[in-house]
Structure formats: C-alpha cells, structure tokens
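Notes for the one structure printed next.
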Amino acid sequence: MLHIILYAIVPIIVVMLAGFIAGKKGAFTGDNAKAFNKVVLDFALPAALFVSIVDASREMLVRDIKLTIISAVGIMACFMLVYFIYAYCFKGNNKADGAIMALVCGSPTIGFLGFAVLEPIFGTTPSVALVVAIVGIVVNAIGIPVGLSLLNSANQKLKPLAPGEKKPSAWKPVLHALAQPVAWAPILAVVWVAVGLPWPDWASPSFDLIKGANASMAVFAAGVTLSAVKVTINWQAVLGCIMKLIVMPAMVLVLGLIFKMDPMNLKMLVVAAALPPAFSGIIIASQYDTYVATSTSSLALNVIAFVAFCPLWIWLTDICVKAF
C-alpha cells in the first residue's frame with residue numbers, strides 16, 4: 001500500500017496540484033487545458049496505446065476476451081444506471097442532465113490517468129496497455145457515442161426542430177467517435193497483433209517521445225481544468241462520487257469473480273473502473289452548457305476521494321480473489 005501511495009498516487013497529486021496552482025495564478029487557462037487535452041487524446045495517448053499493444057501476442061488477446069466482455073458489460077451497465085438515476089429520480093432534472101452525468105460519472109478517465117496510475121502499480125507491460133486500451137475503447141467507442149445520442153435526443157425534445165430542419169443521424173456520434181485516433185489506434189493495433197504481423201523494434205522509438213507526454217500532460221491539464229471551475233457540493237455531486245468510486249468498481253469486481261477472471265487482470269480492471277470521472281464528459285457538458293456545475297463538482301470530489309479508494313480497492317480485490 002505504501003508503494004502504491006508513494007509511486008502512483010502522490011505523483012498524480014503533485015502534478016495535478018502544480019496544474020491547479022498554475023491555473024489559479026493565471027499562467028494557464030481553461031482554454032489552455034483543452035489544448036493540452038487535445039494533444040493527449042489525439043497524439044500522445046493513441047501513440048502510447050498503439051506501441052504498447054503491438055508488443056502483445058495473439059495468445060494474450062485470446063486470453064483477454066473475458067476482460068473485454070466484462071469491461072463492456074460492467075462499465076456500460078453502470079453508465080446506463082447513472083443515466084436513469086439522474087434523468088428520472090431527481091426533481092428538476094431532465095434526460096440531458098442524465099446523459100451528462102452518465103458521460104462523467106459513468107465513465108472512468110482511462111485516457112488521461114490510465115497509464116499514470118496503472119504503470120507505477122503493475123509495471124510497464126503489454127497487459128497494462130491492453131487494459132487501458134480495452135477500457136478506453138469501451139469509454140470512447142461505446143460510452144461517448146451512446147451518451148451523445150442520449151444528449152442530442154433529449155435536446156431535440158427540449159428544443160423541437162425548425163421547419164425543414166433534418167433530424168440528426170443517430171449514427172453520427174458513433175462514426176465521429178470511431179474516427180478519433182484514441183479509438184481507431186488501439187483497434188488498429190489489436191488487428192495488427194491478431195493478423196500476426198511482426199512489429200519491428202526500430203519502429204517503437206518513433207512513438208516513445210510523444211508517448212512520454214501522455215500521463216504528465218493529462219494530469220497537469222486536469223489540475224488546470226479544476227482551477228477554472230467553481231466547485232459546489234450538493235447531494236447529486238456526492239451521489240456521482242458514490243456511483244463512480246464504489247458502484248462501478250464493485251460491479252466489475254463481482255462480474256470478474258463470477259466468471260473466474262485472471263486475478264491480475266481483474267485487479268487492474270477494478271483500479272481502472274475506480275479512476276475519477278472522464279474529463280471528456282466535462283468538456284461535453286461545457287460545450288452543451290448542460291449540468292456543468294454539478295458534474296464538475298462531482299469530478300473534483302472524485303479526484304480527491306480517489307487517493308483513498310485506489311489502495312482500498314486493490315486491498316479488497318486481493319481479499320476477494322483469495323476468498324473465492
């Protein structure tokens with residue numbers, strides 16, 4: 001636990017705090033943070049995912065099919081649960097609010113913090129990269145398109161189409177998400193490995209330089225983002241924290257135990273599921289000017305609480321694996 005705290009949690013806090021202070025002092029703004037996030041999502045993270053996955057083998061991919069299924073079922077089940085709770089169980093909320101909270105508290109920020117948290121704990125291995133890639137594909141290629149479809153549908157009901165205006169295609173968010181490098185780069189790498197093409201050693205260094213900016217820039221940008229928003233604590237924000245830090249990892253842990261998942265993969269997946277909410281959801285909330293204050297407050301609470309919950313979930317997973 002001490003190793004996890006010192007080598008995985010403390011560095012994140014230090015770098016995020018640096019970004020927060022820089023934002024408060026005016027060195028960077030929320031717009032700068034969006035630019036940093038774009039570098040991470042469009043360049044650094046896709047490079048990190050691709051070059052890490054192509055070092056895997058077909059045998060590893062076959063072994064990790066169970067990981068893929070449990071990731072998709074566990075995360076998307078929690079995603080939809082968050083949507084229905086916030087869309088229908090709170091007076092004054094609407095379906096658009098539910099879609100935003102699903103995009104935030106129903107999705108782990110695997111793209112920004114995945115490598116930063118998992119590699120110090122579990123090492124720099126293809127298995128870590130596959131967990132980050134698989135959860136990233138679930139979040140970016142399934143969760144975001146579903147969330148955007150729900151959000152667009154809700155907004156159309158709140159604001160009917162003008163005469164002659166065409167209804168947007170339900171497939172447009174899906175195609176847009178799949179067109180992003182963070183979605184197609186890991187898919188391309190998985191296909192590369194499945195086909196059995198050898199990856200030349202001399203090609204990896206070309207990806208390593210931009211890959212190295214992934215974790216540090218993502219965490220720093222998160223600090224800048226938090227400095228630019230006003231945190232307001234209310235019960236809906238607290239519930240979002242409970243759904244993200246307790247319900248989602250618990251759901252994944254139960255599924256992994258039921259279906260006898262590989263213990264190490266299960267431990268990595270539980271930690272990935274416990275990661276703070278997706279920063280992309282906050283960006284979407286700002287773009288649509290929907291539920292910004294509550295979703296951002298829930299994100300801030302999650303980031304703070306994750307410091308305690310990360311080692312707690314690793315400890316609980318070890319106990320459960322030994323017991324079952």
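Convention: chains lettered A, B, ... in structure tokens order; per-chain residue numbering from 1; ligands numbered from 1 as shown.
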Proximity check segment 223-307 of chain A to segment 136-151 of chain A, 10 Å, nearest pairs one decimal Å, only C-alpha atoms, as a Markdown table:
| residue | atom | partner | partner_atom | distance |
| --- | --- | --- | --- | --- |
| A:Ala272 | CA | A:Gly136 | CA | 9.8 |
| A:Ala278 | CA | A:Val139 | CA | 8.7 |
| A:Ser280 | CA | A:Ile144 | CA | 8.7 |
| A:Gly281 | CA | A:Ile144 | CA | 8.2 |
| A:Ile284 | CA | A:Leu148 | CA | 8.7 |
| A:Ala285 | CA | A:Leu151 | CA | 9.9 |
| A:Tyr288 | CA | A:Leu151 | CA | 9.0 |
| A:Thr290 | CA | A:Leu151 | CA | 9.5 |
The selected residues should be written to file as a PDB file, in the first residue's frame (atoms: all heavy atoms).
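Below is the file that was written, again01.pdb:
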ATOM      1  N   ALA A 272      -8.901   0.449 -12.790  1.00  0.00           N
ATOM      2  CA  ALA A 272      -9.303   1.276 -13.939  1.00  0.00           C
ATOM      3  C   ALA A 272     -10.738   1.764 -13.781  1.00  0.00           C
ATOM      4  O   ALA A 272     -11.058   2.919 -14.099  1.00  0.00           O
ATOM      5  CB  ALA A 272      -9.149   0.479 -15.231  1.00  0.00           C
ATOM      6  N   ALA A 278     -14.543  10.755 -16.310  1.00  0.00           N
ATOM      7  CA  ALA A 278     -13.918  11.154 -17.573  1.00  0.00           C
ATOM      8  C   ALA A 278     -13.950  12.672 -17.743  1.00  0.00           C
ATOM      9  O   ALA A 278     -15.009  13.293 -17.651  1.00  0.00           O
ATOM     10  CB  ALA A 278     -14.629  10.480 -18.739  1.00  0.00           C
ATOM     11  N   SER A 280     -13.516  14.118 -20.458  1.00  0.00           N
ATOM     12  CA  SER A 280     -14.212  14.388 -21.718  1.00  0.00           C
ATOM     13  C   SER A 280     -15.680  14.736 -21.464  1.00  0.00           C
ATOM     14  O   SER A 280     -16.278  15.530 -22.190  1.00  0.00           O
ATOM     15  CB  SER A 280     -14.110  13.185 -22.652  1.00  0.00           C
ATOM     16  OG  SER A 280     -14.592  12.012 -22.017  1.00  0.00           O
ATOM     17  N   GLY A 281     -16.275  14.128 -20.421  1.00  0.00           N
ATOM     18  CA  GLY A 281     -17.655  14.452 -20.082  1.00  0.00           C
ATOM     19  C   GLY A 281     -17.820  15.900 -19.661  1.00  0.00           C
ATOM     20  O   GLY A 281     -18.825  16.552 -19.980  1.00  0.00           O
ATOM     21  N   ILE A 284     -17.752  18.028 -22.761  1.00  0.00           N
ATOM     22  CA  ILE A 284     -19.041  17.961 -23.460  1.00  0.00           C
ATOM     23  C   ILE A 284     -20.085  18.781 -22.711  1.00  0.00           C
ATOM     24  O   ILE A 284     -20.895  19.490 -23.327  1.00  0.00           O
ATOM     25  CB  ILE A 284     -19.490  16.494 -23.610  1.00  0.00           C
ATOM     26  CG1 ILE A 284     -18.540  15.756 -24.552  1.00  0.00           C
ATOM     27  CG2 ILE A 284     -20.922  16.418 -24.134  1.00  0.00           C
ATOM     28  CD1 ILE A 284     -18.754  14.256 -24.601  1.00  0.00           C
ATOM     29  N   ALA A 285     -20.077  18.701 -21.374  1.00  0.00           N
ATOM     30  CA  ALA A 285     -21.026  19.490 -20.572  1.00  0.00           C
ATOM     31  C   ALA A 285     -20.844  20.985 -20.838  1.00  0.00           C
ATOM     32  O   ALA A 285     -21.827  21.727 -20.969  1.00  0.00           O
ATOM     33  CB  ALA A 285     -20.827  19.191 -19.088  1.00  0.00           C
ATOM     34  N   TYR A 288     -22.188  21.940 -24.371  1.00  0.00           N
ATOM     35  CA  TYR A 288     -23.651  21.968 -24.443  1.00  0.00           C
ATOM     36  C   TYR A 288     -24.278  22.858 -23.370  1.00  0.00           C
ATOM     37  O   TYR A 288     -25.499  23.004 -23.335  1.00  0.00           O
ATOM     38  CB  TYR A 288     -24.207  20.542 -24.302  1.00  0.00           C
ATOM     39  CG  TYR A 288     -24.090  19.701 -25.559  1.00  0.00           C
ATOM     40  CD1 TYR A 288     -22.889  19.110 -25.920  1.00  0.00           C
ATOM     41  CD2 TYR A 288     -25.190  19.503 -26.389  1.00  0.00           C
ATOM     42  CE1 TYR A 288     -22.777  18.332 -27.062  1.00  0.00           C
ATOM     43  CE2 TYR A 288     -25.097  18.736 -27.534  1.00  0.00           C
ATOM     44  CZ  TYR A 288     -23.884  18.150 -27.866  1.00  0.00           C
ATOM     45  OH  TYR A 288     -23.791  17.381 -28.998  1.00  0.00           O
ATOM     46  N   THR A 290     -24.702  22.309 -20.214  1.00  0.00           N
ATOM     47  CA  THR A 290     -25.683  21.465 -19.529  1.00  0.00           C
ATOM     48  C   THR A 290     -25.080  20.856 -18.276  1.00  0.00           C
ATOM     49  O   THR A 290     -24.047  20.181 -18.353  1.00  0.00           O
ATOM     50  CB  THR A 290     -26.177  20.332 -20.461  1.00  0.00           C
ATOM     51  OG1 THR A 290     -26.760  20.912 -21.632  1.00  0.00           O
ATOM     52  CG2 THR A 290     -27.215  19.460 -19.763  1.00  0.00           C
TER      53      THR A 290
END
### Query
Near Phe84 of chain A, within 9 Å and counting only C-alpha atoms, which residues show up once chain neighbours fewer than 6 positions away are dropped, as a PyMOL selection string?
chain A and resi 95+98-99+102
### Query
Which one is closest to Ile75 of chain A: A:Lys38, A:Lys244, A:Arg58, A:Lys267? Count only C-alpha atoms.
A:Lys244
### Task
Mind checking which residues fall within 8 Å of segment 16-31 of chain A, counting only C-alpha atoms, ignoring those fewer than 5 positions away in the same chain, and posting them as a PyMOL selection string?
chain A and resi 219-228
### Task
Could you please write out, as a PyMOL selection string, every residue of segment 56-94 of chain A that DSSP assigns to helix (DSSP H, G or I)?
chain A and resi 58-63+65-88
#### Entry: Nearby residues (only C-alpha atoms) at most 12 Å from Leu197 of chain A, same-chain spacing under 4 positions excluded, as a list of chain:residue names
A:Val54, A:Asp55, A:Ala56, A:Ser57, A:Arg58, A:Leu188, A:Ala189, A:Val190, A:Val191, A:Trp192, A:Val193
Quick one: write out the picked residues with N, CA, C and O atoms as a short mmCIF file (atom, residue, chain, number, x, y, z; two decimals), in the first residue's frame?
data_model
loop_
_atom_site.label_atom_id
_atom_site.label_comp_id
_atom_site.auth_asym_id
_atom_site.auth_seq_id
_atom_site.Cartn_x
_atom_site.Cartn_y
_atom_site.Cartn_z
N VAL A 54 1.03 -3.50 -29.71
CA VAL A 54 1.66 -4.31 -30.76
C VAL A 54 2.77 -5.19 -30.20
O VAL A 54 3.27 -6.08 -30.90
N ASP A 55 3.17 -4.96 -28.95
CA ASP A 55 4.15 -5.84 -28.31
C ASP A 55 3.49 -7.09 -27.73
O ASP A 55 4.18 -7.99 -27.25
N ALA A 56 2.16 -7.14 -27.76
CA ALA A 56 1.44 -8.30 -27.23
C ALA A 56 1.45 -9.43 -28.25
O ALA A 56 2.00 -9.31 -29.35
N SER A 57 0.82 -10.54 -27.88
CA SER A 57 0.73 -11.70 -28.77
C SER A 57 -0.73 -12.09 -28.96
O SER A 57 -1.62 -11.66 -28.22
N ARG A 58 -0.97 -12.94 -29.99
CA ARG A 58 -2.33 -13.39 -30.23
C ARG A 58 -2.87 -14.18 -29.05
O ARG A 58 -4.06 -14.12 -28.72
N LEU A 188 -6.60 -0.65 -34.43
CA LEU A 188 -5.62 -1.00 -35.46
C LEU A 188 -4.51 -1.87 -34.87
O LEU A 188 -4.08 -2.86 -35.50
N ALA A 189 -4.06 -1.55 -33.66
CA ALA A 189 -3.02 -2.34 -33.02
C ALA A 189 -3.49 -3.75 -32.72
O ALA A 189 -2.73 -4.73 -32.91
N VAL A 190 -4.74 -3.89 -32.26
CA VAL A 190 -5.29 -5.22 -31.99
C VAL A 190 -5.38 -6.04 -33.28
O VAL A 190 -5.05 -7.23 -33.30
N VAL A 191 -5.82 -5.40 -34.36
CA VAL A 191 -5.89 -6.10 -35.66
C VAL A 191 -4.49 -6.52 -36.10
O VAL A 191 -4.28 -7.64 -36.61
N TRP A 192 -3.51 -5.65 -35.90
CA TRP A 192 -2.12 -5.93 -36.27
C TRP A 192 -1.63 -7.20 -35.57
O TRP A 192 -1.04 -8.09 -36.18
N VAL A 193 -1.91 -7.27 -34.25
CA VAL A 193 -1.47 -8.43 -33.47
C VAL A 193 -2.25 -9.68 -33.88
O VAL A 193 -1.69 -10.77 -34.00
#
